[in-house]
Amino acid sequence: MADRRTPASGEPLVAEVMQRRVVTIGPDATVQELAELLRKKKISGVPVVDDGEHVVGIVTEGDLVAQDADLHFPHYIQFLDSIIYLESVKKFEERVRKAVGAYVRDVMTKDVLTVSPQTTVREVATLMSDHKINRVPVVEDGKLVGIVTRDDVVRSMGL
């Protein structure tokens, strides 16, 4: 009989490589508190959780860097009485929100990709590669139970 944590293919599961002790932050923390936490813990991002340990966002150094970045208005053309934007206005609005945010809830990414402990390492590696992300929260029964990073994936390869 196969180990119930390992799929029939013998591939390792996220449960076997994830970090169970996860540094988190709440949405009401200030951007300054976030910067201090990342520096103190020497990490580049953390899940944002509510009081019930539900993942409500994720925030990274990149979100902090966005605060210092120059904002470039979307290019547009004017045709008759209309303005046609050549770039996404929604993305511009998102950059503005992050640039002026004072709290974690203002700068975090709200649409978070998560996996379960039963996800294979191959699946999470594909997710990271496809979405160009470095860490994925691990959720079970709606609550944060761990995190898997690119480093965890590489270590699982035995390299």
# chains A, B, ... in the order shown; residues from 1 in each chain; ligands from 1

call {"tool": "residues_around", "arguments": {"residues": "Asn134 in chain A", "least_positions_apart": "4", "cutoff": "7 Å", "atoms": "only C-alpha atoms", "output": "PyMOL selection string"}}
result
chain A and resi 128+149-150

call {"tool": "closest_residue", "arguments": {"among": "A:Met18, A:Val154, A:Val138, A:Leu144", "to": "Gly52 in chain A", "atoms": "only C-alpha atoms"}}
result
A:Leu144

call {"tool": "residues_around", "arguments": {"residues": "range 103-116 of chain A", "least_positions_apart": "4", "cutoff": "8 Å", "atoms": "only C-alpha atoms", "output": "PDB file with C-alpha atoms, in the first residue's frame"}}
result
ATOM      1  CA  VAL A  14       4.123  20.020  -0.820  1.00  0.00           C
ATOM      2  CA  GLY A  26      -1.929  41.418   9.289  1.00  0.00           C
ATOM      3  CA  PRO A  27      -3.604  43.759   6.808  1.00  0.00           C
ATOM      4  CA  ASP A  28      -3.722  46.612   9.345  1.00  0.00           C
ATOM      5  CA  ALA A  29       0.057  46.675   9.898  1.00  0.00           C
ATOM      6  CA  THR A  30       1.843  49.711   8.521  1.00  0.00           C
ATOM      7  CA  VAL A  31       4.172  49.595   5.543  1.00  0.00           C
ATOM      8  CA  LEU A  34       6.259  45.366   7.086  1.00  0.00           C
ATOM      9  CA  VAL A  48      -1.187  38.499   4.885  1.00  0.00           C
ATOM     10  CA  VAL A  55      -4.930  34.186   3.735  1.00  0.00           C
ATOM     11  CA  VAL A  56      -6.246  37.562   2.536  1.00  0.00           C
ATOM     12  CA  GLY A  57      -3.197  38.630   0.536  1.00  0.00           C
ATOM     13  CA  ILE A  58       0.518  38.363  -0.002  1.00  0.00           C
ATOM     14  CA  VAL A  59       3.077  41.142   0.201  1.00  0.00           C
ATOM     15  CA  THR A  60       6.676  41.248  -1.005  1.00  0.00           C
ATOM     16  CA  ASP A  63       5.325  45.836  -3.348  1.00  0.00           C
ATOM     17  CA  LEU A  64       7.499  48.125  -1.216  1.00  0.00           C
ATOM     18  CA  ARG A  97      -2.736  52.288  -4.948  1.00  0.00           C
ATOM     19  CA  LYS A  98       0.546  50.623  -4.038  1.00  0.00           C
ATOM     20  CA  ALA A  99       2.566  53.817  -4.452  1.00  0.00           C
ATOM     21  CA  VAL A 124       3.667  23.974  -7.415  1.00  0.00           C
ATOM     22  CA  VAL A 136       2.973  30.009  -2.455  1.00  0.00           C
ATOM     23  CA  PRO A 137       0.944  29.806   0.766  1.00  0.00           C
ATOM     24  CA  VAL A 138      -0.251  26.316   1.683  1.00  0.00           C
ATOM     25  CA  VAL A 139      -3.868  26.245   2.837  1.00  0.00           C
ATOM     26  CA  GLU A 140      -5.920  23.467   4.372  1.00  0.00           C
TER      27      GLU A 140
END

call {"tool": "closest_residue", "arguments": {"among": "A:Asp130, A:Glu123, A:Glu53, A:Glu61", "to": "Gly146 in chain A", "atoms": "only C-alpha atoms"}}
result
A:Glu53

call {"tool": "closest_residue", "arguments": {"among": "A:Val49, A:His131, A:Val65, A:Ala102", "to": "Glu33 in chain A", "atoms": "only C-alpha atoms"}}
result
A:Ala102

call {"tool": "closest_residue", "arguments": {"among": "A:Pro12, A:Gly62, A:Arg135, A:Val17", "to": "Arg155 in chain A", "atoms": "only C-alpha atoms"}}
result
A:Val17

call {"tool": "closest_residue", "arguments": {"among": "A:Val23, A:Val153, A:Ala35, A:Val148", "to": "Arg122 in chain A", "atoms": "only C-alpha atoms"}}
result
A:Val153

call {"tool": "closest_residue", "arguments": {"among": "A:Val145, A:Gln32, A:Ile133, A:Asp51", "to": "Gln118 in chain A", "atoms": "only C-alpha atoms"}}
result
A:Val145
